[in-house]
Structure formats: C-alpha cells, structure tokens
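J.: Following this line is structure-v3.tsv, made up of TSV, C-alpha atoms and all ligand atoms:
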```
chain	number	residue	atom	x	y	z
A	1	MET	CA	-213.72	-20.05	-33.75
A	2	ILE	CA	-216.17	-17.66	-32.15
A	3	ASP	CA	-215.08	-14.06	-32.12
A	4	TYR	CA	-216.85	-12.71	-29.03
A	5	SER	CA	-216.22	-9.14	-30.04
A	6	LEU	CA	-218.72	-9.63	-32.86
A	7	LEU	CA	-221.55	-10.45	-30.46
A	8	LYS	CA	-222.13	-6.82	-29.67
A	9	ARG	CA	-222.52	-6.04	-33.34
A	10	LEU	CA	-224.99	-8.82	-34.09
A	11	PRO	CA	-228.42	-7.37	-34.86
A	12	LYS	CA	-230.64	-8.51	-32.01
A	13	VAL	CA	-234.26	-9.06	-31.01
A	14	ASP	CA	-235.69	-9.20	-27.48
A	15	LEU	CA	-239.23	-10.52	-27.09
A	16	HIS	CA	-239.23	-10.83	-23.32
A	17	CYS	CA	-238.09	-7.74	-21.47
A	18	HIS	CA	-239.81	-6.38	-18.35
A	19	LEU	CA	-239.55	-2.63	-18.05
A	20	SER	CA	-239.62	-2.65	-14.23
A	21	GLY	CA	-236.71	-5.13	-14.14
A	22	SER	CA	-234.60	-3.17	-16.58
A	23	LEU	CA	-234.06	0.26	-15.00
A	24	ARG	CA	-230.53	1.59	-14.67
A	25	PRO	CA	-229.57	1.23	-10.97
A	26	VAL	CA	-228.30	4.79	-10.89
A	27	THR	CA	-231.67	6.01	-12.17
A	28	ILE	CA	-233.53	4.02	-9.52
A	29	MET	CA	-231.35	5.62	-6.87
A	30	GLU	CA	-231.75	9.10	-8.28
A	31	LEU	CA	-235.52	8.80	-8.59
A	32	ALA	CA	-235.83	7.23	-5.15
A	33	LEU	CA	-234.08	10.24	-3.62
A	34	GLU	CA	-236.21	12.59	-5.69
A	35	GLU	CA	-239.34	10.79	-4.45
A	36	GLY	CA	-238.13	11.14	-0.87
A	37	LEU	CA	-237.99	7.39	-0.30
A	38	GLU	CA	-236.11	6.36	2.82
A	39	LEU	CA	-232.84	4.85	1.70
A	40	PRO	CA	-229.97	3.86	3.95
A	41	LYS	CA	-226.84	5.79	3.06
A	42	GLU	CA	-224.74	3.47	0.98
A	43	ALA	CA	-222.51	3.39	-2.05
A	44	LEU	CA	-223.98	2.59	-5.43
A	45	GLU	CA	-222.44	-0.91	-5.37
A	46	GLU	CA	-224.28	-1.68	-2.14
A	47	PHE	CA	-227.46	-0.21	-3.49
A	48	VAL	CA	-227.27	-2.34	-6.62
A	49	LYS	CA	-227.71	-5.46	-4.48
A	50	ARG	CA	-231.22	-4.30	-3.61
A	51	VAL	CA	-232.30	-4.35	-7.22
A	52	GLN	CA	-230.27	-7.24	-8.54
A	53	ALA	CA	-230.70	-10.97	-7.95
A	54	SER	CA	-227.63	-12.30	-6.20
A	55	GLU	CA	-225.83	-15.62	-6.47
A	56	ASP	CA	-227.90	-17.00	-3.62
A	57	CYS	CA	-231.30	-16.20	-5.15
A	58	GLN	CA	-233.40	-19.24	-4.27
A	59	SER	CA	-236.56	-19.09	-6.31
A	60	LEU	CA	-238.86	-17.06	-8.52
A	61	LYS	CA	-240.55	-15.65	-5.41
A	62	ASP	CA	-237.17	-14.49	-4.10
A	63	TYR	CA	-236.31	-13.01	-7.51
A	64	LEU	CA	-239.58	-11.07	-7.59
A	65	THR	CA	-238.65	-9.13	-4.42
A	66	LYS	CA	-236.08	-7.21	-6.49
A	67	PHE	CA	-238.89	-5.32	-8.22
A	68	HIS	CA	-240.18	-3.53	-5.14
A	69	LEU	CA	-237.92	-0.50	-5.31
A	70	PRO	CA	-238.03	0.01	-9.10
A	71	LEU	CA	-241.83	-0.10	-8.97
A	72	LYS	CA	-241.85	2.58	-6.28
A	73	VAL	CA	-240.14	5.02	-8.62
A	74	MET	CA	-242.35	4.19	-11.60
A	75	GLN	CA	-245.46	5.97	-10.36
A	76	ARG	CA	-245.22	9.21	-12.33
A	77	GLN	CA	-245.55	9.82	-16.04
A	78	LYS	CA	-242.20	11.55	-16.40
A	79	ASN	CA	-240.44	8.68	-14.64
A	80	LEU	CA	-242.14	6.06	-16.79
A	81	TYR	CA	-241.15	8.01	-19.89
A	82	ARG	CA	-237.57	8.37	-18.70
A	83	VAL	CA	-236.97	4.73	-17.78
A	84	THR	CA	-238.51	3.53	-21.05
A	85	TYR	CA	-236.33	5.83	-23.11
A	86	GLU	CA	-233.21	4.88	-21.13
A	87	LEU	CA	-233.97	1.22	-21.71
A	88	LEU	CA	-234.16	1.89	-25.44
A	89	GLU	CA	-230.83	3.72	-25.28
A	90	ASP	CA	-229.27	0.71	-23.54
A	91	LEU	CA	-230.73	-1.62	-26.15
A	92	TRP	CA	-229.46	0.59	-28.95
A	93	GLU	CA	-225.96	0.35	-27.44
A	94	GLU	CA	-225.93	-3.37	-28.11
A	95	ASN	CA	-227.59	-3.19	-31.51
A	96	VAL	CA	-231.06	-4.42	-30.62
A	97	LYS	CA	-233.30	-3.81	-33.63
A	98	TYR	CA	-236.62	-4.82	-32.16
A	99	VAL	CA	-237.92	-5.18	-28.62
A	100	GLU	CA	-241.22	-6.05	-27.03
A	101	ILE	CA	-241.30	-4.26	-23.70
A	102	ARG	CA	-243.70	-5.53	-21.08
A	103	LEU	CA	-245.37	-3.67	-18.27
A	104	ALA	CA	-248.12	-4.36	-15.72
A	105	PRO	CA	-250.16	-1.11	-15.71
A	106	TYR	CA	-251.95	-1.88	-12.46
A	107	LEU	CA	-248.64	-1.80	-10.57
A	108	HIS	CA	-248.15	1.85	-11.43
A	109	MET	CA	-251.23	3.42	-9.87
A	110	GLU	CA	-249.95	4.05	-6.33
A	111	LYS	CA	-249.80	7.81	-6.86
A	112	GLY	CA	-253.04	8.09	-8.75
A	113	LEU	CA	-252.00	7.59	-12.37
A	114	ASN	CA	-254.70	6.09	-14.54
A	115	PHE	CA	-254.35	3.37	-17.15
A	116	HIS	CA	-254.20	5.79	-20.04
A	117	GLN	CA	-251.48	7.97	-18.47
A	118	ILE	CA	-249.31	4.95	-17.76
A	119	VAL	CA	-249.58	3.35	-21.17
A	120	LYS	CA	-249.25	6.67	-22.97
A	121	SER	CA	-246.02	7.60	-21.13
A	122	VAL	CA	-244.39	4.36	-22.20
A	123	LEU	CA	-245.70	4.51	-25.77
A	124	ASP	CA	-244.52	8.11	-26.16
A	125	ALA	CA	-241.00	7.13	-25.13
A	126	MET	CA	-241.11	4.17	-27.51
A	127	GLU	CA	-242.11	6.43	-30.35
A	128	LYS	CA	-239.22	8.76	-29.58
A	129	GLY	CA	-236.90	5.75	-29.42
A	130	LYS	CA	-237.93	4.77	-32.91
A	131	LYS	CA	-237.53	8.29	-34.22
A	132	ASP	CA	-234.17	9.05	-32.58
A	133	LEU	CA	-232.53	5.65	-32.31
A	134	GLY	CA	-234.23	3.64	-35.02
A	135	ILE	CA	-235.36	0.92	-32.62
A	136	TYR	CA	-238.64	-0.77	-33.41
A	137	SER	CA	-240.66	-1.64	-30.33
A	138	ASN	CA	-244.08	-2.77	-29.19
A	139	LEU	CA	-245.71	-2.98	-25.79
A	140	ILE	CA	-247.10	-6.06	-24.03
A	141	LEU	CA	-249.45	-5.45	-21.10
A	142	ILE	CA	-249.08	-7.84	-18.19
A	143	CYS	CA	-251.92	-9.30	-16.15
A	144	MET	CA	-250.57	-10.21	-12.72
A	145	ARG	CA	-251.35	-13.73	-11.54
A	146	ASN	CA	-252.09	-12.53	-8.00
A	147	HIS	CA	-254.56	-9.87	-9.13
A	148	SER	CA	-258.20	-10.81	-9.37
A	149	PRO	CA	-259.62	-12.05	-12.69
A	150	GLU	CA	-261.71	-8.85	-12.79
A	151	VAL	CA	-258.56	-6.73	-12.88
A	152	SER	CA	-257.28	-8.77	-15.81
A	153	LEU	CA	-260.59	-8.27	-17.62
A	154	LYS	CA	-260.35	-4.54	-17.03
A	155	LEU	CA	-256.80	-4.54	-18.39
A	156	VAL	CA	-257.95	-6.27	-21.55
A	157	LYS	CA	-260.81	-3.84	-22.06
A	158	GLU	CA	-258.58	-0.78	-21.59
A	159	GLY	CA	-255.60	-2.30	-23.40
A	160	ALA	CA	-257.66	-3.13	-26.49
A	161	LYS	CA	-258.05	0.61	-27.11
A	162	TYR	CA	-254.36	0.67	-27.97
A	163	VAL	CA	-254.39	-2.13	-30.53
A	164	GLY	CA	-252.72	-0.73	-33.63
A	165	LYS	CA	-251.19	2.07	-31.53
A	166	GLY	CA	-248.22	0.27	-30.00
A	167	VAL	CA	-249.85	-2.28	-27.71
A	168	VAL	CA	-249.73	-5.70	-29.33
A	169	ALA	CA	-250.39	-8.30	-26.68
A	170	ILE	CA	-251.12	-9.33	-23.13
A	171	ASP	CA	-249.11	-11.56	-20.84
A	172	LEU	CA	-249.62	-13.31	-17.52
A	173	ALA	CA	-246.78	-13.03	-15.00
A	174	GLY	CA	-245.90	-13.24	-11.33
A	175	ASN	CA	-246.00	-16.00	-8.76
A	176	GLU	CA	-246.63	-19.15	-10.79
A	177	ASP	CA	-246.63	-21.56	-7.84
A	178	ASP	CA	-249.69	-20.16	-6.14
A	179	PHE	CA	-251.79	-18.80	-9.02
A	180	PRO	CA	-252.55	-21.14	-11.94
A	181	PRO	CA	-253.19	-19.64	-15.41
A	182	GLU	CA	-256.82	-20.78	-15.69
A	183	LEU	CA	-257.83	-18.12	-13.14
A	184	HIS	CA	-257.42	-15.56	-15.92
A	185	LYS	CA	-258.99	-17.57	-18.71
A	186	GLU	CA	-261.87	-15.22	-19.38
A	187	ALA	CA	-259.61	-12.19	-19.79
A	188	PHE	CA	-257.39	-14.06	-22.24
A	189	GLN	CA	-260.31	-15.29	-24.28
A	190	ARG	CA	-261.70	-11.80	-24.51
A	191	ALA	CA	-258.26	-10.43	-25.46
A	192	GLY	CA	-258.19	-12.71	-28.48
A	193	ARG	CA	-261.55	-11.40	-29.66
A	194	LEU	CA	-260.34	-7.81	-29.29
A	195	GLY	CA	-257.23	-8.25	-31.41
A	196	LEU	CA	-254.64	-8.58	-28.66
A	197	ARG	CA	-252.03	-11.29	-29.14
A	198	LYS	CA	-251.16	-13.56	-26.20
A	199	THR	CA	-248.10	-14.81	-24.40
A	200	VAL	CA	-248.08	-16.45	-20.97
A	201	HIS	CA	-245.32	-17.09	-18.43
A	202	ALA	CA	-245.63	-20.84	-17.87
A	203	GLY	CA	-243.50	-23.80	-16.92
A	204	GLU	CA	-240.99	-21.54	-15.21
A	205	THR	CA	-241.22	-23.17	-11.80
A	206	GLY	CA	-241.71	-26.84	-12.54
A	207	ILE	CA	-245.44	-26.96	-13.22
A	208	VAL	CA	-245.31	-28.33	-16.75
A	209	GLU	CA	-249.12	-28.58	-16.94
A	210	ASN	CA	-249.32	-24.78	-16.93
A	211	ILE	CA	-247.80	-24.76	-20.41
A	212	VAL	CA	-250.68	-26.87	-21.73
A	213	THR	CA	-253.31	-24.83	-19.88
A	214	ALA	CA	-251.77	-21.61	-21.21
A	215	ILE	CA	-252.02	-22.90	-24.78
A	216	GLU	CA	-255.31	-24.79	-24.65
A	217	GLU	CA	-257.37	-22.59	-22.35
A	218	LEU	CA	-255.79	-19.15	-22.58
A	219	GLY	CA	-254.84	-19.41	-26.24
A	220	ALA	CA	-251.18	-18.50	-25.67
A	221	GLU	CA	-249.30	-18.06	-28.94
A	222	ARG	CA	-245.96	-17.91	-27.16
A	223	ILE	CA	-244.76	-19.21	-23.82
A	224	GLY	CA	-242.61	-17.18	-21.46
A	225	HIS	CA	-239.74	-19.46	-20.39
A	226	GLY	CA	-241.39	-22.91	-20.64
A	227	VAL	CA	-238.20	-24.30	-19.15
A	228	TYR	CA	-239.89	-27.41	-17.79
A	229	ALA	CA	-241.48	-28.58	-21.05
A	230	TYR	CA	-238.95	-31.43	-21.14
A	231	LEU	CA	-240.70	-33.11	-18.21
A	232	LYS	CA	-243.41	-34.33	-20.58
A	233	GLU	CA	-242.75	-35.37	-24.14
A	234	GLU	CA	-246.35	-34.63	-25.14
A	235	VAL	CA	-245.83	-31.00	-24.10
A	236	CYS	CA	-242.74	-30.76	-26.32
A	237	GLN	CA	-244.82	-32.34	-29.06
A	238	ILE	CA	-247.52	-29.66	-28.75
A	239	LEU	CA	-244.88	-26.90	-28.90
A	240	ARG	CA	-243.33	-28.47	-32.00
A	241	ASP	CA	-246.55	-29.31	-33.82
A	242	ARG	CA	-248.11	-25.91	-33.31
A	243	ALA	CA	-244.84	-23.99	-33.66
A	244	ILE	CA	-245.37	-22.25	-30.34
A	245	PRO	CA	-242.10	-20.55	-29.47
A	246	LEU	CA	-240.47	-20.36	-26.07
A	247	GLU	CA	-239.19	-17.01	-24.87
A	248	MET	CA	-236.17	-18.27	-22.98
A	249	CYS	CA	-234.02	-16.20	-20.63
A	250	ILE	CA	-230.97	-18.21	-19.65
A	251	THR	CA	-229.54	-16.12	-16.81
A	252	SER	CA	-232.93	-15.51	-15.22
A	253	ASN	CA	-233.73	-19.23	-15.37
A	254	VAL	CA	-230.52	-20.00	-13.48
A	255	GLN	CA	-231.21	-17.31	-10.89
A	256	THR	CA	-234.76	-18.47	-10.18
A	257	GLU	CA	-233.37	-22.01	-9.98
A	258	ALA	CA	-235.58	-23.17	-12.82
A	259	VAL	CA	-232.37	-24.93	-13.89
A	260	GLU	CA	-229.45	-26.04	-11.79
A	261	GLY	CA	-226.80	-24.20	-13.75
A	262	TYR	CA	-226.05	-22.79	-17.19
A	263	GLU	CA	-224.97	-26.14	-18.59
A	264	ALA	CA	-228.27	-27.68	-17.48
A	265	HIS	CA	-230.41	-25.25	-19.46
A	266	PRO	CA	-232.55	-27.11	-22.01
A	267	ILE	CA	-232.52	-24.44	-24.74
A	268	LYS	CA	-230.00	-26.17	-27.00
A	269	ARG	CA	-231.82	-29.44	-26.70
A	270	TYR	CA	-235.11	-27.74	-27.61
A	271	LEU	CA	-233.47	-26.07	-30.60
A	272	GLU	CA	-232.14	-29.39	-31.84
A	273	GLU	CA	-235.49	-31.09	-31.30
A	274	GLY	CA	-237.27	-28.56	-33.47
A	275	ILE	CA	-238.92	-26.41	-30.83
A	276	LYS	CA	-238.85	-22.73	-31.76
A	277	VAL	CA	-236.72	-20.95	-29.20
A	278	THR	CA	-235.75	-17.34	-28.72
A	279	ILE	CA	-233.15	-15.82	-26.37
A	280	ASN	CA	-234.21	-12.84	-24.30
A	281	THR	CA	-233.10	-10.91	-21.23
A	282	ASP	CA	-236.20	-11.02	-18.99
A	283	ASN	CA	-234.82	-8.30	-16.70
A	284	ARG	CA	-231.64	-6.53	-17.65
A	285	THR	CA	-231.08	-5.07	-14.17
A	286	VAL	CA	-232.51	-7.73	-11.88
A	287	SER	CA	-230.62	-10.40	-13.81
A	288	ASN	CA	-227.64	-8.11	-14.45
A	289	THR	CA	-227.57	-9.09	-18.07
A	290	SER	CA	-227.87	-7.98	-21.70
A	291	LEU	CA	-228.61	-9.85	-24.91
A	292	GLU	CA	-224.93	-9.83	-25.69
A	293	GLN	CA	-224.28	-11.63	-22.41
A	294	GLU	CA	-227.11	-14.09	-22.99
A	295	TYR	CA	-225.69	-14.97	-26.42
A	296	ARG	CA	-222.25	-15.33	-24.88
A	297	LYS	CA	-223.54	-17.75	-22.25
A	298	ALA	CA	-225.34	-19.75	-24.93
A	299	ILE	CA	-221.99	-20.15	-26.69
A	300	GLU	CA	-219.86	-20.77	-23.61
A	301	PHE	CA	-222.11	-23.13	-21.71
A	302	LEU	CA	-224.51	-24.56	-24.25
A	303	ASP	CA	-222.46	-25.06	-27.35
A	304	PHE	CA	-224.25	-22.54	-29.54
A	305	ASP	CA	-222.54	-21.42	-32.74
A	306	TYR	CA	-223.30	-18.44	-34.97
A	307	GLY	CA	-225.74	-20.52	-36.98
A	308	ASP	CA	-227.75	-21.25	-33.84
A	309	LEU	CA	-227.72	-17.59	-32.80
A	310	ILE	CA	-228.86	-16.47	-36.24
A	311	GLN	CA	-231.69	-19.00	-36.06
A	312	VAL	CA	-232.72	-17.63	-32.67
A	313	ILE	CA	-232.63	-14.04	-33.97
A	314	GLN	CA	-234.72	-14.98	-36.99
A	315	ASN	CA	-237.19	-16.79	-34.75
A	316	GLY	CA	-237.41	-13.55	-32.79
A	317	ILE	CA	-238.61	-11.68	-35.85
A	318	GLU	CA	-240.90	-14.40	-37.19
A	319	PHE	CA	-242.64	-14.97	-33.84
A	320	SER	CA	-242.73	-11.35	-32.77
A	321	PHE	CA	-246.07	-9.61	-32.49
A	322	ALA	CA	-244.93	-6.90	-34.91
A	323	ASP	CA	-247.13	-6.30	-37.93
A	324	GLU	CA	-246.16	-7.73	-41.29
A	325	GLY	CA	-244.82	-4.41	-42.60
A	326	ASP	CA	-242.43	-4.00	-39.67
A	327	LYS	CA	-241.41	-7.64	-39.85
A	328	GLU	CA	-240.45	-7.21	-43.49
A	329	ARG	CA	-238.45	-4.07	-42.72
A	330	LEU	CA	-236.69	-5.84	-39.85
A	331	ARG	CA	-235.90	-8.91	-41.94
A	332	LYS	CA	-234.16	-6.68	-44.47
A	333	ILE	CA	-232.20	-4.73	-41.84
A	334	ILE	CA	-231.07	-7.89	-40.09
A	335	LYS	CA	-230.17	-9.68	-43.28
A	336	ALA	CA	-228.03	-6.77	-44.46
A	337	GLU	CA	-226.21	-6.49	-41.13
A	338	LEU	CA	-225.59	-10.22	-40.90
A	339	GLU	CA	-224.16	-10.23	-44.42
A	340	ALA	CA	-221.88	-7.32	-43.56
A	341	LEU	CA	-220.59	-9.20	-40.50
A	342	ASN	CA	-219.75	-12.19	-42.68
A	343	LEU	CA	-219.82	-14.67	-39.79
A	344	LYS	CA	-218.02	-17.93	-40.14
B	401	ZN	ZN	-240.68	-12.62	-17.48
```
Can the structure in the file be given as structure tokens, please?
Ligand SMILES: [Zn+2]
T.:
Amino acid sequence: MIDYSLLKRLPKVDLHCHLSGSLRPVTIMELALEEGLELPKEALEEFVKRVQASEDCQSLKDYLTKFHLPLKVMQRQKNLYRVTYELLEDLWEENVKYVEIRLAPYLHMEKGLNFHQIVKSVLDAMEKGKKDLGIYSNLILICMRNHSPEVSLKLVKEGAKYVGKGVVAIDLAGNEDDFPPELHKEAFQRAGRLGLRKTVHAGETGIVENIVTAIEELGAERIGHGVYAYLKEEVCQILRDRAIPLEMCITSNVQTEAVEGYEAHPIKRYLEEGIKVTINTDNRTVSNTSLEQEYRKAIEFLDFDYGDLIQVIQNGIEFSFADEGDKERLRKIIKAELEALNLK
C-alpha cells in the first residue's frame, strides 16, 4: 500500500527545471506591476491562466507561449535573484536535495543586462540557497534552438568561464519542430572541450531522429524528455548501451501532447527495459506541478512503487552533473533519509 503522505518527505532530485517556467504566479504579478507592464485588471486566479498551460494546451509551441510574461519580469538582477531564491524555497518545502536549474541567458538582456550579470544573479541566489536551506544546486545554460549558431557559440565561450563556479552544463531547448539540433553542433562540440557537460531537449515532439543526432553529433550525455525513443528500437538500444538517461517530465509531456494521456507515458516501460530514467518537473508553474505531484502521477497512472521511485531518485544523483564530492554527500543524505522513512 502506498502512503501518499510520505511522498512529500521523500528526498528528491530534479535535473530538469526551467527557472523561467517556475516563478510563483503571485511574484510574476507583483513584478509585472512593479515594471509597469500593462495588465488587465483581474483576480489572481484569472492571471494564473496566463502563465499556466491549460487543459486544452495543444502542442509544445502552444506551451512555450506561457513563458512570455515571466521572461518580461526577469530582466533585472534583483528579480533574477529573487525568483531563483523563491524557487529554492519551494523546492526545500518538498524536500528536494539537489536541483539543476536551467536558464537561457540571452533571453534576459531586454533591459541591458549582460551575460555576467545574469549568470551571477542566479548563482548568488543558489549559493544563498545552499547556505540557508541546505539545497545543493547547479546551473545549466540553455542555447535556444531559434537563436543563431553564433549566439550559441558565444554562450559557450562566456559560460565556460563559470565552469567550477556553479555552471555545469549547456542545453538546447525551444521549438524542436522547426530547428533541428545539428544547427548548434559547433557550439556543443566546443562546450565539451571547455569542460561543460551536455544535455539536449530531443524527441519531445515526435522527431525520434533528433535523439540520435543529439547524442552522436552534439555529444549529449543526457536527453531532455526523449519521449519518442520508443518509435525506434535502435534508439532505445543506444540509450541502454551507453547509459544515456532521459530527463522525463510526465505532466509537461501530457500538456505538450507528446503523449496522449498519463497512462500512455512510456516512462515505466523504459524503466523496465533498462533505460535510465529520471522524473523531473520541467516547469513548476507552467505545468502547475511539483516533484511530489510527478511522483504521485507515476504511482497513480503508471504503476510505480516505492522501489521504482527510489531507483529514479538514485538515477538523479548518479546522472547529475554534480561533482563527485557533492554526489557522495548527496548519496549519504538520501540514504539516511530513505532509511529513516522505512518504506515498504
Ligand atoms: Zn525542458
């Protein structure tokens, strides 16, 4: 029997969490007013619909429109610091021990911030989160698919200055239908040489080949989502043979219609077939979710038990981009908490 009340207390790991999709709605509203953005007068519940994917979300492109307003209020250092710290507080509430936050720096330059100011604001908040809340975190910098390859190269060059200082990896995200991963191949190859780890959103919208391209040409060590791997057995084989984990986000995958419904999500099948899977939130606000809720859905709709969840949590640590020292500390913390919970 699963005791759902224990889910909140499980020690958790989130490897796929977009900062811009995880702002508290009330903070977005407050900052929007502060910034003098034109907002129709409406109650908070109405406002929330602007920043949250609804039941009738049709696609990834539709889902991505929910980021417009949050991005508008993430153009100042103090705001970036605030929303990062608030995210860490929210994660702490549900006992997340380690998170990799991701951010696309070039989407935060509308008011003149430079790369350094943006990254530093987020890293400063992450450092405070570790000091005050005990949450370990690292930052992943996102190259946007629709930006030019030169912008991605610039990101890698600037981002590499923060290797060993809180930035661990780069990612490729955005509209997968219209911008294939190979456009950004050069940036990803250079990232590898500069000590940045690599994850790539791929196979989220039905183009299974993107998973292979991400691995073979961009050198992806992890795949964001990878929902459609099942379309080709040889792709599953590559993921298994090379132990390339999938960062899966169940609710988000339903909302973007990557899967038809919760029961249709392939995560359990992948787990059983030996593919390394992790469960993540993607966007806590846009998807209106939390890790606790993602674990709950895995149990309710996909027949997960505690053993499966513990496996997923351990995968999260083993395949994280944390350094070996942090991984060892996290293994110990998680082991002790799991033992204390005495799950049956
Ligand atoms: Zn994502």
J.: Please identify every polymer residue within 7 Å of ligand ZN 401 (chain B), using only C-alpha atoms and all ligand atoms, and present the set as a list in words.
T.: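 Answer in the requested format: His16, Cys17, His18, Ala173, His201, Gly224 and Asp282 of chain A.
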J.: Write out as a PyMOL selection string each polymer residue whose atoms come within 7 Å of segment 316-333 of chain A, counting only C-alpha atoms; drop sequence neighbours fewer than 2 positions from it.
T.: chain A and resi 13+15+168+278+312-314+335-337
J.: Quick one, how far is atom CA of Arg190 of chain A from atom CA of His116 of chain A?
T.: 19.6 Å
J.: Starting from the point (-240.9, -19.9, -31.4), work out which residues of protein, DNA or RNA have an atom no more than 6 Å away when counting only C-alpha atoms; state them as a PDB file with C-alpha atoms, keeping the file's coordinate frame.
T.:
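What ended up in part.pdb:
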```
ATOM      1  CA  ILE A 244    -245.370 -22.250 -30.340  1.00  0.00           C
ATOM      2  CA  PRO A 245    -242.100 -20.550 -29.470  1.00  0.00           C
ATOM      3  CA  LEU A 246    -240.470 -20.360 -26.070  1.00  0.00           C
ATOM      4  CA  LYS A 276    -238.850 -22.730 -31.760  1.00  0.00           C
ATOM      5  CA  VAL A 277    -236.720 -20.950 -29.200  1.00  0.00           C
ATOM      6  CA  ASN A 315    -237.190 -16.790 -34.750  1.00  0.00           C
ATOM      7  CA  PHE A 319    -242.640 -14.970 -33.840  1.00  0.00           C
TER       8      PHE A 319
END
```
J.: List as an MDAnalysis selection string the protein and nucleic acid residues near segment 34-50 of chain A, meaning an atom at most 10 Å away when only C-alpha atoms are counted, but skip any in the same chain fewer than 5 places from it.
T.: chainID A and resid 24:26 28:29 65:70 72:73 75:76 285:286 288
J.: From (-257.1, -16.9, -17.5), in the file's coordinates, out to 10 Å: which residues are reached, counting all atoms listed in the file? Answer as a PyMOL selection string.
T.: chain A and resi 143+145+149+152-153+172+180-190+200+213-214+217-219
J.: At the level of N, CA, C and O atoms, write segment 13-31 of chain A to a file as a PDB file, in the first residue's frame, please.
T.:
```pdb
ATOM      1  N   VAL A  13      15.301  14.714  -6.209  1.00  0.00           N
ATOM      2  CA  VAL A  13      16.302  15.300  -7.108  1.00  0.00           C
ATOM      3  C   VAL A  13      15.569  15.767  -8.365  1.00  0.00           C
ATOM      4  O   VAL A  13      14.748  15.030  -8.910  1.00  0.00           O
ATOM      5  N   ASP A  14      15.866  16.986  -8.822  1.00  0.00           N
ATOM      6  CA  ASP A  14      15.264  17.486 -10.063  1.00  0.00           C
ATOM      7  C   ASP A  14      16.382  17.910 -11.018  1.00  0.00           C
ATOM      8  O   ASP A  14      17.127  18.840 -10.727  1.00  0.00           O
ATOM      9  N   LEU A  15      16.496  17.207 -12.128  1.00  0.00           N
ATOM     10  CA  LEU A  15      17.559  17.503 -13.096  1.00  0.00           C
ATOM     11  C   LEU A  15      17.064  18.369 -14.250  1.00  0.00           C
ATOM     12  O   LEU A  15      17.850  18.776 -15.100  1.00  0.00           O
ATOM     13  N   HIS A  16      15.775  18.611 -14.304  1.00  0.00           N
ATOM     14  CA  HIS A  16      15.240  19.334 -15.459  1.00  0.00           C
ATOM     15  C   HIS A  16      14.193  20.327 -14.976  1.00  0.00           C
ATOM     16  O   HIS A  16      12.999  20.026 -14.888  1.00  0.00           O
ATOM     17  N   CYS A  17      14.661  21.521 -14.659  1.00  0.00           N
ATOM     18  CA  CYS A  17      13.776  22.540 -14.091  1.00  0.00           C
ATOM     19  C   CYS A  17      14.141  23.900 -14.685  1.00  0.00           C
ATOM     20  O   CYS A  17      15.229  24.418 -14.445  1.00  0.00           O
ATOM     21  N   HIS A  18      13.239  24.449 -15.484  1.00  0.00           N
ATOM     22  CA  HIS A  18      13.484  25.759 -16.104  1.00  0.00           C
ATOM     23  C   HIS A  18      13.112  26.860 -15.121  1.00  0.00           C
ATOM     24  O   HIS A  18      11.968  26.897 -14.649  1.00  0.00           O
ATOM     25  N   LEU A  19      14.045  27.762 -14.891  1.00  0.00           N
ATOM     26  CA  LEU A  19      13.761  28.859 -13.972  1.00  0.00           C
ATOM     27  C   LEU A  19      12.570  29.696 -14.459  1.00  0.00           C
ATOM     28  O   LEU A  19      11.644  29.972 -13.707  1.00  0.00           O
ATOM     29  N   SER A  20      12.568  30.047 -15.744  1.00  0.00           N
ATOM     30  CA  SER A  20      11.514  30.955 -16.239  1.00  0.00           C
ATOM     31  C   SER A  20      10.123  30.318 -16.211  1.00  0.00           C
ATOM     32  O   SER A  20       9.127  31.021 -16.266  1.00  0.00           O
ATOM     33  N   GLY A  21      10.060  28.996 -16.111  1.00  0.00           N
ATOM     34  CA  GLY A  21       8.760  28.317 -16.042  1.00  0.00           C
ATOM     35  C   GLY A  21       8.364  27.973 -14.628  1.00  0.00           C
ATOM     36  O   GLY A  21       7.382  27.269 -14.393  1.00  0.00           O
ATOM     37  N   SER A  22       9.148  28.460 -13.667  1.00  0.00           N
ATOM     38  CA  SER A  22       8.924  28.031 -12.279  1.00  0.00           C
ATOM     39  C   SER A  22       8.806  29.199 -11.303  1.00  0.00           C
ATOM     40  O   SER A  22       9.124  29.071 -10.129  1.00  0.00           O
ATOM     41  N   LEU A  23       8.349  30.343 -11.795  1.00  0.00           N
ATOM     42  CA  LEU A  23       8.156  31.506 -10.915  1.00  0.00           C
ATOM     43  C   LEU A  23       6.806  31.388 -10.213  1.00  0.00           C
ATOM     44  O   LEU A  23       5.832  30.920 -10.814  1.00  0.00           O
ATOM     45  N   ARG A  24       6.745  31.853  -8.981  1.00  0.00           N
ATOM     46  CA  ARG A  24       5.438  31.882  -8.299  1.00  0.00           C
ATOM     47  C   ARG A  24       4.536  32.864  -9.050  1.00  0.00           C
ATOM     48  O   ARG A  24       4.959  34.016  -9.311  1.00  0.00           O
ATOM     49  N   PRO A  25       3.301  32.483  -9.373  1.00  0.00           N
ATOM     50  CA  PRO A  25       2.409  33.400 -10.099  1.00  0.00           C
ATOM     51  C   PRO A  25       2.261  34.746  -9.394  1.00  0.00           C
ATOM     52  O   PRO A  25       2.266  35.801 -10.040  1.00  0.00           O
ATOM     53  N   VAL A  26       2.187  34.712  -8.089  1.00  0.00           N
ATOM     54  CA  VAL A  26       1.995  35.973  -7.360  1.00  0.00           C
ATOM     55  C   VAL A  26       3.223  36.879  -7.520  1.00  0.00           C
ATOM     56  O   VAL A  26       3.100  38.111  -7.592  1.00  0.00           O
ATOM     57  N   THR A  27       4.380  36.278  -7.631  1.00  0.00           N
ATOM     58  CA  THR A  27       5.604  37.065  -7.857  1.00  0.00           C
ATOM     59  C   THR A  27       5.607  37.661  -9.265  1.00  0.00           C
ATOM     60  O   THR A  27       5.994  38.818  -9.458  1.00  0.00           O
ATOM     61  N   ILE A  28       5.167  36.875 -10.242  1.00  0.00           N
ATOM     62  CA  ILE A  28       5.113  37.398 -11.619  1.00  0.00           C
ATOM     63  C   ILE A  28       4.208  38.627 -11.644  1.00  0.00           C
ATOM     64  O   ILE A  28       4.540  39.671 -12.208  1.00  0.00           O
ATOM     65  N   MET A  29       3.069  38.496 -10.978  1.00  0.00           N
ATOM     66  CA  MET A  29       2.101  39.591 -10.972  1.00  0.00           C
ATOM     67  C   MET A  29       2.694  40.830 -10.287  1.00  0.00           C
ATOM     68  O   MET A  29       2.638  41.941 -10.819  1.00  0.00           O
ATOM     69  N   GLU A  30       3.280  40.591  -9.144  1.00  0.00           N
ATOM     70  CA  GLU A  30       3.872  41.694  -8.379  1.00  0.00           C
ATOM     71  C   GLU A  30       4.961  42.396  -9.183  1.00  0.00           C
ATOM     72  O   GLU A  30       4.993  43.633  -9.271  1.00  0.00           O
ATOM     73  N   LEU A  31       5.842  41.609  -9.781  1.00  0.00           N
ATOM     74  CA  LEU A  31       6.947  42.203 -10.549  1.00  0.00           C
ATOM     75  C   LEU A  31       6.438  42.884 -11.816  1.00  0.00           C
ATOM     76  O   LEU A  31       6.959  43.919 -12.228  1.00  0.00           O
TER      77      LEU A  31
END
```
